>>> print(open('model-v6.txt').read())   # compact mmCIF, C-alpha atoms
# COMPACT_ATOMS: atom_id res chain seq x y z
CA MET A 1 67.92 14.01 122.07
CA ILE A 2 68.49 17.68 123.03
CA GLY A 3 70.76 16.66 125.92
CA ARG A 4 72.80 14.45 123.61
CA LEU A 5 73.12 17.28 121.08
CA VAL A 6 74.24 19.75 123.75
CA SER A 7 76.76 17.25 125.03
CA ARG A 8 78.29 16.91 121.59
CA LEU A 9 78.37 20.67 121.00
CA PHE A 10 80.35 21.18 124.18
CA GLY A 11 82.75 18.32 123.62
CA ARG A 12 81.04 15.84 125.91
CA ARG A 13 79.81 12.34 125.16
CA PRO A 14 77.24 10.45 127.23
CA ALA A 15 78.40 7.19 128.81
CA ALA A 16 76.10 5.12 126.64
CA GLY A 17 77.64 6.73 123.56
CA ILE A 18 80.95 4.81 123.65
CA PRO A 19 80.62 2.40 120.72
CA ASP A 20 82.06 -1.06 121.22
CA ASP A 21 84.34 -0.81 118.19
CA LEU A 22 85.81 2.50 119.38
CA TRP A 23 86.30 1.20 122.92
CA HIS A 24 88.08 -1.93 121.76
CA ALA A 25 90.24 0.01 119.28
CA VAL A 26 91.48 2.38 121.98
CA ARG A 27 91.96 -0.48 124.41
CA ALA A 28 94.14 -2.27 121.85
CA GLU A 29 96.26 0.86 121.41
CA LEU A 30 96.89 1.04 125.16
CA ASP A 31 98.48 -2.39 125.38
CA PHE A 32 100.65 -1.31 128.32
CA LEU A 33 97.45 -1.73 130.36
CA ASP A 34 97.11 -5.42 129.57
CA TRP A 35 97.65 -6.14 133.26
CA LEU A 36 94.12 -4.91 134.01
CA SER A 37 91.64 -7.70 134.72
CA ALA A 38 88.36 -8.12 132.84
CA ASP A 39 86.49 -6.71 135.85
CA GLU A 40 88.83 -3.71 136.06
CA TRP A 41 88.34 -2.99 132.35
CA GLN A 42 84.59 -3.14 132.81
CA ARG A 43 84.68 -0.75 135.75
CA LEU A 44 87.12 1.53 133.93
CA ARG A 45 84.77 1.75 130.96
CA ALA A 46 81.89 2.79 133.22
CA LEU A 47 84.09 5.37 134.95
CA VAL A 48 85.32 6.75 131.62
CA GLY A 49 81.74 7.13 130.46
CA ARG A 50 80.86 9.27 133.46
CA PHE A 51 84.10 11.22 133.07
CA LEU A 52 83.23 12.07 129.47
CA GLU A 53 79.82 13.28 130.58
CA GLU A 54 81.37 15.72 133.07
CA LYS A 55 84.48 17.00 131.32
CA GLU A 56 84.80 19.28 128.29
CA PHE A 57 87.46 18.81 125.62
CA ALA A 58 88.79 21.60 123.44
CA ALA A 59 91.41 21.52 120.69
CA THR A 60 93.82 24.31 119.82
CA GLY A 61 96.64 24.94 117.39
CA GLY A 62 94.69 23.59 114.45
CA LEU A 63 94.31 20.11 115.94
CA GLU A 64 91.27 18.13 114.81
CA LEU A 65 90.20 16.35 117.97
CA ASP A 66 88.11 13.23 117.35
CA ASP A 67 86.31 10.78 119.62
CA ARG A 68 89.17 8.27 119.54
CA MET A 69 91.58 10.89 120.85
CA LYS A 70 89.20 12.00 123.59
CA LEU A 71 88.58 8.43 124.64
CA SER A 72 92.29 7.61 124.76
CA ILE A 73 92.94 10.59 127.05
CA ALA A 74 89.92 9.73 129.20
CA VAL A 75 90.96 6.09 129.65
CA GLN A 76 94.49 7.02 130.72
CA GLY A 77 93.26 9.88 132.87
CA CYS A 78 90.71 7.74 134.70
CA LEU A 79 93.16 4.92 135.41
CA PRO A 80 94.58 6.56 138.58
CA ILE A 81 91.07 6.93 140.05
CA LEU A 82 89.76 3.52 139.02
CA ASN A 83 89.42 2.52 142.67
CA LEU A 84 89.04 6.05 144.06
CA GLY A 85 86.05 7.46 142.20
CA LEU A 86 85.26 10.40 139.96
CA ASP A 87 84.86 12.81 142.88
CA TRP A 88 88.66 12.99 142.98
CA TYR A 89 88.46 14.99 139.74
CA ALA A 90 85.75 17.38 140.98
CA GLY A 91 86.13 21.15 140.75
CA TRP A 92 87.39 21.43 137.17
CA VAL A 93 86.03 20.50 133.74
CA GLY A 94 88.35 21.55 130.92
CA ILE A 95 90.88 19.49 128.97
CA VAL A 96 92.74 21.40 126.26
CA VAL A 97 94.61 19.35 123.68
CA TYR A 98 97.46 20.81 121.61
CA PRO A 99 98.86 19.10 118.52
CA ALA A 100 102.39 19.04 119.98
CA GLU A 101 104.46 20.74 122.68
CA PHE A 102 103.33 24.27 123.45
CA VAL A 103 104.69 27.45 124.99
CA ILE A 104 103.67 28.66 128.44
CA PRO A 105 104.72 32.19 129.52
CA ARG A 106 106.33 32.14 132.97
CA SER A 107 107.13 34.88 135.44
CA VAL A 108 109.29 34.43 138.55
CA VAL A 109 110.59 36.84 141.16
CA ASP A 110 114.15 36.31 142.37
CA GLU A 111 115.52 36.96 145.87
CA ASP A 112 116.17 40.62 144.99
CA GLY A 113 112.58 41.17 143.89
CA VAL A 114 113.45 41.28 140.19
CA VAL A 115 110.80 39.79 137.91
CA HIS A 116 112.07 37.41 135.23
CA GLU A 117 109.78 36.51 132.36
CA TYR A 118 110.43 33.62 130.00
CA ASP A 119 108.71 31.05 127.82
CA GLU A 120 108.70 27.38 128.74
CA ILE A 121 108.13 24.55 126.29
CA ALA A 122 105.69 22.05 127.82
CA ALA A 123 104.10 18.73 126.94
CA GLY A 124 101.44 19.13 129.61
CA GLU A 125 100.23 21.40 132.37
CA ALA A 126 97.72 21.07 135.19
CA TRP A 127 96.22 24.20 136.70
CA GLY A 128 94.75 24.13 140.19
CA GLY A 129 91.00 24.65 139.83
CA GLY A 130 91.45 25.15 136.10
CA PRO A 131 91.93 23.12 132.96
CA LEU A 132 94.41 20.40 132.16
CA LEU A 133 96.56 20.84 129.04
CA VAL A 134 98.27 18.07 127.06
CA SER A 135 100.16 17.65 123.81
CA TRP A 136 98.56 14.99 121.61
CA GLN A 137 101.95 14.13 120.15
CA ASP A 138 103.11 13.28 123.66
CA VAL A 139 99.90 11.41 124.48
CA GLU A 140 100.77 9.07 121.63
CA MET A 141 104.18 8.33 123.20
CA ALA A 142 102.56 6.46 126.10
CA GLY A 143 103.62 2.94 126.89
CA ASP A 144 107.21 2.75 128.14
CA GLY A 145 107.28 4.69 131.38
CA TYR A 146 106.40 8.05 129.82
CA ASN A 147 102.76 9.09 130.06
CA VAL A 148 101.88 12.77 129.94
CA VAL A 149 98.21 12.07 130.68
CA ILE A 150 98.84 10.12 133.87
CA HIS A 151 101.48 12.69 134.84
CA GLU A 152 99.13 15.66 134.60
CA PHE A 153 96.21 13.86 136.20
CA ALA A 154 98.52 12.90 139.07
CA HIS A 155 99.21 16.61 139.53
CA LYS A 156 95.44 17.16 139.71
CA LEU A 157 95.23 14.63 142.53
CA ASP A 158 98.19 16.28 144.26
CA MET A 159 96.52 19.70 144.00
CA ILE A 160 93.36 18.66 145.84
CA ASN A 161 94.88 19.72 149.16
CA GLY A 162 96.98 22.64 147.89
CA GLU A 163 100.11 23.01 145.82
CA ALA A 164 101.51 20.09 143.83
CA ASP A 165 104.08 19.14 146.47
CA GLY A 166 104.07 15.36 146.22
CA LEU A 167 101.67 14.82 149.12
CA PRO A 168 98.10 14.26 147.89
CA PRO A 169 95.29 13.75 150.41
CA LEU A 170 95.91 10.30 151.86
CA HIS A 171 93.21 7.78 152.72
CA PRO A 172 92.23 7.00 156.29
CA GLY A 173 94.67 4.45 157.64
CA MET A 174 97.57 5.71 155.53
CA SER A 175 100.37 7.29 157.55
CA PRO A 176 101.57 10.72 156.33
CA ALA A 177 104.83 10.07 158.18
CA ASP A 178 105.36 6.78 156.32
CA TRP A 179 104.49 8.44 153.00
CA GLU A 180 106.89 11.33 153.56
CA ALA A 181 109.67 9.05 154.77
CA ALA A 182 109.42 6.78 151.73
CA MET A 183 109.14 9.65 149.26
CA ALA A 184 111.87 11.79 150.82
CA ALA A 185 114.40 8.96 150.96
CA ALA A 186 113.69 7.95 147.37
CA TYR A 187 113.72 11.55 146.14
CA ASP A 188 117.07 12.32 147.78
CA ASP A 189 118.57 9.14 146.37
CA PHE A 190 117.18 9.80 142.91
CA CYS A 191 118.43 13.40 142.84
CA GLU A 192 121.91 12.21 143.81
CA ARG A 193 121.88 9.68 141.00
CA VAL A 194 120.70 12.23 138.44
CA ASP A 195 123.25 14.81 139.62
CA ALA A 196 125.96 12.15 139.24
CA GLY A 197 124.99 11.69 135.61
CA GLU A 198 123.54 8.21 136.01
CA ASP A 199 121.34 6.96 133.19
CA THR A 200 118.29 6.20 135.34
CA ALA A 201 115.48 3.82 134.39
CA ILE A 202 113.01 6.42 135.67
CA ASP A 203 112.65 9.74 133.84
CA PRO A 204 115.23 12.16 135.32
CA TYR A 205 112.60 14.91 135.20
CA ALA A 206 111.42 13.40 138.49
CA ALA A 207 114.35 15.19 140.15
CA GLU A 208 112.86 18.63 139.40
CA SER A 209 110.80 18.80 142.61
CA PRO A 210 108.87 16.55 145.02
CA GLY A 211 105.70 17.34 143.05
CA GLU A 212 107.27 16.21 139.79
CA PHE A 213 108.73 13.19 141.56
CA PHE A 214 105.23 12.06 142.56
CA ALA A 215 103.83 12.63 139.06
CA VAL A 216 106.68 10.84 137.28
CA LEU A 217 106.55 7.92 139.68
CA ALA A 218 102.80 7.69 139.07
CA GLU A 219 103.64 7.23 135.38
CA ALA A 220 106.10 4.48 136.29
CA PHE A 221 103.65 2.84 138.69
CA PHE A 222 101.10 2.30 135.94
CA GLU A 223 103.41 1.73 132.98
CA THR A 224 106.59 0.11 134.32
CA PRO A 225 105.58 -1.10 137.78
CA ARG A 226 108.28 -3.72 138.11
CA THR A 227 110.98 -1.14 137.49
CA LEU A 228 109.53 1.15 140.13
CA ARG A 229 109.18 -1.66 142.67
CA ASP A 230 112.75 -2.79 142.07
CA GLU A 231 114.11 0.77 142.38
CA TYR A 232 112.00 2.04 145.28
CA PRO A 233 109.89 -0.67 146.92
CA ALA A 234 108.73 1.57 149.79
CA VAL A 235 107.43 4.15 147.33
CA TYR A 236 105.76 1.44 145.29
CA ALA A 237 103.95 0.22 148.41
CA GLN A 238 102.76 3.75 149.23
CA LEU A 239 101.47 4.32 145.70
CA ALA A 240 99.69 0.96 145.70
CA ALA A 241 97.98 1.96 148.94
CA PHE A 242 97.09 5.40 147.60
CA PHE A 243 95.73 4.27 144.22
CA ARG A 244 94.22 1.16 145.86
CA LEU A 245 95.60 -0.81 142.96
CA ASP A 246 98.57 -3.11 142.40
CA PRO A 247 99.58 -3.67 138.76
CA LEU A 248 102.11 -6.39 139.50
CA PRO A 249 100.08 -9.43 140.61
CA ALA A 250 98.15 -9.41 137.33
CA ALA A 251 101.41 -8.81 135.48
CA GLY A 252 103.01 -11.90 136.92
CA GLY A 253 104.48 -10.51 140.17
>>> encode(input="model-v6.txt", output="structure tokens")
Amino acid sequence: MIGRLVSRLFGRRPAAGIPDDLWHAVRAELDFLDWLSADEWQRLRALVGRFLEEKEFAATGGLELDDRMKLSIAVQGCLPILNLGLDWYAGWVGIVVYPAEFVIPRSVVDEDGVVHEYDEIAAGEAWGGGPLLVSWQDVEMAGDGYNVVIHEFAHKLDMINGEADGLPPLHPGMSPADWEAAMAAAYDDFCERVDAGEDTAIDPYAAESPGEFFAVLAEAFFETPRTLRDEYPAVYAQLAAFFRLDPLPAAGG
């Protein structure tokens, strides 16, 4: 009883505390995940339960964060590690949820050593070794190739071996050379298309950097997999190998 009370005070919920009605309500809201099999849903629910035991949610900006909102974020955040395991999210605990986009102060030093400070409007942010920040308004936009939760959790995976540079730690048997070749060719092509003003099916924000390219394509992999496979089949194959998951067979190929 005391452990359950402490868990609730610190924004955690034990695995056994996910009520069936809440689980099914959130699952119905995330209909873009209908390609998951019954077994995958069952395993995802168990993984989400353990995730909620380990992570701490906090709301800011006057947002009233309820269990449905936490569960929705947890389900989407655990999807990329469904076949990897919770250890891939080790080393950090905090998830901060804003009501909408938020301001992050930035500071950069140019080539002449001059410091430039500015404010950036963000829908999400992942800090290496620190918390993950998301806008609830943007969380609710999930479902058509845009998913701020998957995006930021992909950055967390990318940061395991250093900066978010688009090269997460690959599994044994995966070739770093093959990964880099597929990603670099697709990234160069995509940047050329964006620079030419093409209205791309994939979010043009992917052209910002190789790290953002990986995170945006992770969104597409889980939400619009057919589009990603049609656009960049070599990248799709690498992501399927990395996530150890292929959304398309269950979605009809």
>>> atom_distance(input="model-v6.txt", atom1="CA of Leu239 (chain A)", atom2="CA of Pro204 (chain A)")
18.9 Å
>>> atom_distance(input="model-v6.txt", atom1="CA of Arg244 (chain A)", atom2="CA of Asn83 (chain A)")
5.9 Å
>>> atom_distance(input="model-v6.txt", atom1="CA of Leu30 (chain A)", atom2="CA of Tyr187 (chain A)")
28.9 Å
>>> residues_around(input="model-v6.txt", residues="Thr200 (chain A)", least_positions_apart="5", cutoff="9 Å", atoms="all atoms listed in the file", output="JSON, numbers by chain")
{"A": [190, 193, 194]}
>>> residues_around(input="model-v6.txt", residues="Pro99 (chain A)", least_positions_apart="6", cutoff="12 Å", atoms="only C-alpha atoms", output="list of chain:residue names")
A:Ala58, A:Ala59, A:Thr60, A:Gly61, A:Gly62, A:Leu63, A:Glu64, A:Leu65, A:Met69, A:Ala122, A:Ala123, A:Gly124, A:Leu133, A:Val134, A:Ser135, A:Trp136, A:Gln137, A:Asp138, A:Val139, A:Glu140
>>> closest_residue(input="model-v6.txt", among="A:Gly166, A:Ala28, A:Met174, A:Ile104", to="Ser209 (chain A)", atoms="all atoms listed in the file")
A:Gly166
>>> closest_residue(input="model-v6.txt", among="A:Gly145, A:Pro247, A:Gly91, A:Pro19", to="Leu71 (chain A)", atoms="only C-alpha atoms")
A:Pro19
>>> residues_around(input="model-v6.txt", residues="Ser72 (chain A)", least_positions_apart="4", cutoff="7 Å", atoms="all atoms listed in the file", output="compact mmCIF listing (two decimals) with C-alpha atoms, keeping the file's coordinate frame")
# COMPACT_ATOMS: atom_id res chain seq x y z
CA VAL A 26 91.48 2.38 121.98
CA ARG A 68 89.17 8.27 119.54
CA GLN A 76 94.49 7.02 130.72
>>> closest_residue(input="model-v6.txt", among="A:His24, A:Phe242, A:Lys55, A:Asp39", to="Pro172 (chain A)", atoms="all atoms listed in the file")
A:Phe242
>>> closest_residue(input="model-v6.txt", among="A:Ala220, A:Cys78, A:Ala234, A:Ile202", to="Ala182 (chain A)", atoms="only C-alpha atoms")
A:Ala234
>>> closest_residue(input="model-v6.txt", among="A:Val235, A:Ser37, A:Leu44, A:Glu223", to="Asp144 (chain A)", atoms="only C-alpha atoms")
A:Glu223
>>> residues_around(input="model-v6.txt", residues="Phe51 (chain A)", least_positions_apart="5", cutoff="12 Å", atoms="only C-alpha atoms", output="PyMOL selection string")
chain A and resi 11-16+18+44-46+56-57+70-71+73-79+81-82+85-90+92-95
>>> write_last_selection(input="model-v6.txt", atoms="C-alpha atoms", output="mmCIF file, keeping the file's coordinate frame")
data_model
loop_
_atom_site.group_PDB
_atom_site.id
_atom_site.type_symbol
_atom_site.label_atom_id
_atom_site.label_comp_id
_atom_site.auth_asym_id
_atom_site.auth_seq_id
_atom_site.Cartn_x
_atom_site.Cartn_y
_atom_site.Cartn_z
ATOM 1 C CA GLY A 11 82.750 18.320 123.620
ATOM 2 C CA ARG A 12 81.040 15.840 125.910
ATOM 3 C CA ARG A 13 79.810 12.340 125.160
ATOM 4 C CA PRO A 14 77.240 10.450 127.230
ATOM 5 C CA ALA A 15 78.400 7.190 128.810
ATOM 6 C CA ALA A 16 76.100 5.120 126.640
ATOM 7 C CA ILE A 18 80.950 4.810 123.650
ATOM 8 C CA LEU A 44 87.120 1.530 133.930
ATOM 9 C CA ARG A 45 84.770 1.750 130.960
ATOM 10 C CA ALA A 46 81.890 2.790 133.220
ATOM 11 C CA GLU A 56 84.800 19.280 128.290
ATOM 12 C CA PHE A 57 87.460 18.810 125.620
ATOM 13 C CA LYS A 70 89.200 12.000 123.590
ATOM 14 C CA LEU A 71 88.580 8.430 124.640
ATOM 15 C CA ILE A 73 92.940 10.590 127.050
ATOM 16 C CA ALA A 74 89.920 9.730 129.200
ATOM 17 C CA VAL A 75 90.960 6.090 129.650
ATOM 18 C CA GLN A 76 94.490 7.020 130.720
ATOM 19 C CA GLY A 77 93.260 9.880 132.870
ATOM 20 C CA CYS A 78 90.710 7.740 134.700
ATOM 21 C CA LEU A 79 93.160 4.920 135.410
ATOM 22 C CA ILE A 81 91.070 6.930 140.050
ATOM 23 C CA LEU A 82 89.760 3.520 139.020
ATOM 24 C CA GLY A 85 86.050 7.460 142.200
ATOM 25 C CA LEU A 86 85.260 10.400 139.960
ATOM 26 C CA ASP A 87 84.860 12.810 142.880
ATOM 27 C CA TRP A 88 88.660 12.990 142.980
ATOM 28 C CA TYR A 89 88.460 14.990 139.740
ATOM 29 C CA ALA A 90 85.750 17.380 140.980
ATOM 30 C CA TRP A 92 87.390 21.430 137.170
ATOM 31 C CA VAL A 93 86.030 20.500 133.740
ATOM 32 C CA GLY A 94 88.350 21.550 130.920
ATOM 33 C CA ILE A 95 90.880 19.490 128.970
#
>>> closest_residue(input="model-v6.txt", among="A:Glu152, A:Asp34, A:Glu54, A:Asp178", to="Glu219 (chain A)", atoms="all atoms listed in the file")
A:Glu152
>>> residues_around(input="model-v6.txt", residues="Pro168 (chain A)", least_positions_apart="2", cutoff="7 Å", atoms="all atoms listed in the file", output="ChimeraX atom specification")
/A:157-161,166,170
>>> build_atoms(input="model-v6.txt", residues="region 155-182 of chain A", atoms="N, CA and C atoms", output="compact mmCIF listing (two decimals), in the frame of the given file")
# COMPACT_ATOMS: atom_id res chain seq x y z
N HIS A 155 99.12 15.26 138.97
CA HIS A 155 99.21 16.61 139.53
C HIS A 155 97.84 17.08 140.03
N LYS A 156 96.79 16.77 139.28
CA LYS A 156 95.44 17.16 139.71
C LYS A 156 95.10 16.54 141.06
N LEU A 157 95.46 15.28 141.24
CA LEU A 157 95.23 14.63 142.53
C LEU A 157 96.05 15.30 143.62
N ASP A 158 97.28 15.64 143.30
CA ASP A 158 98.19 16.28 144.26
C ASP A 158 97.68 17.66 144.67
N MET A 159 96.98 18.34 143.76
CA MET A 159 96.52 19.70 144.00
C MET A 159 95.23 19.77 144.82
N ILE A 160 94.62 18.64 145.10
CA ILE A 160 93.36 18.66 145.84
C ILE A 160 93.52 19.34 147.19
N ASN A 161 94.67 19.13 147.83
CA ASN A 161 94.88 19.72 149.16
C ASN A 161 95.91 20.86 149.13
N GLY A 162 96.07 21.50 147.97
CA GLY A 162 96.98 22.64 147.89
C GLY A 162 97.91 22.56 146.71
N GLU A 163 99.13 23.03 146.89
CA GLU A 163 100.11 23.01 145.82
C GLU A 163 100.51 21.57 145.47
N ALA A 164 101.02 21.40 144.25
CA ALA A 164 101.51 20.09 143.83
C ALA A 164 102.87 19.86 144.47
N ASP A 165 102.85 19.30 145.68
CA ASP A 165 104.08 19.14 146.47
C ASP A 165 104.46 17.68 146.70
N GLY A 166 103.75 16.76 146.04
CA GLY A 166 104.07 15.36 146.22
C GLY A 166 103.35 14.69 147.36
N LEU A 167 102.43 15.40 148.01
CA LEU A 167 101.67 14.82 149.12
C LEU A 167 100.18 15.04 148.86
N PRO A 168 99.54 14.14 148.11
CA PRO A 168 98.10 14.26 147.89
C PRO A 168 97.34 13.90 149.16
N PRO A 169 96.05 14.14 149.21
CA PRO A 169 95.29 13.75 150.41
C PRO A 169 95.28 12.23 150.55
N LEU A 170 95.79 11.73 151.65
CA LEU A 170 95.91 10.30 151.86
C LEU A 170 94.62 9.73 152.44
N HIS A 171 94.41 8.45 152.22
CA HIS A 171 93.21 7.78 152.72
C HIS A 171 93.33 7.53 154.22
N PRO A 172 92.19 7.40 154.89
CA PRO A 172 92.23 7.00 156.29
C PRO A 172 92.99 5.69 156.44
N GLY A 173 93.86 5.64 157.43
CA GLY A 173 94.67 4.45 157.64
C GLY A 173 96.05 4.55 157.02
N MET A 174 96.24 5.49 156.07
CA MET A 174 97.57 5.71 155.53
C MET A 174 98.30 6.71 156.42
N SER A 175 99.57 6.45 156.66
CA SER A 175 100.37 7.29 157.55
C SER A 175 101.10 8.37 156.75
N PRO A 176 100.80 9.65 156.99
CA PRO A 176 101.57 10.72 156.33
C PRO A 176 103.06 10.61 156.62
N ALA A 177 103.41 10.20 157.82
CA ALA A 177 104.83 10.07 158.18
C ALA A 177 105.49 8.98 157.33
N ASP A 178 104.81 7.86 157.14
CA ASP A 178 105.36 6.78 156.32
C ASP A 178 105.48 7.22 154.86
N TRP A 179 104.46 7.93 154.39
CA TRP A 179 104.49 8.44 153.00
C TRP A 179 105.69 9.37 152.81
N GLU A 180 105.82 10.34 153.69
CA GLU A 180 106.89 11.33 153.56
C GLU A 180 108.26 10.69 153.71
N ALA A 181 108.39 9.71 154.59
CA ALA A 181 109.67 9.05 154.77
C ALA A 181 110.07 8.28 153.52
N ALA A 182 109.12 7.56 152.94
CA ALA A 182 109.42 6.78 151.73
C ALA A 182 109.74 7.70 150.56
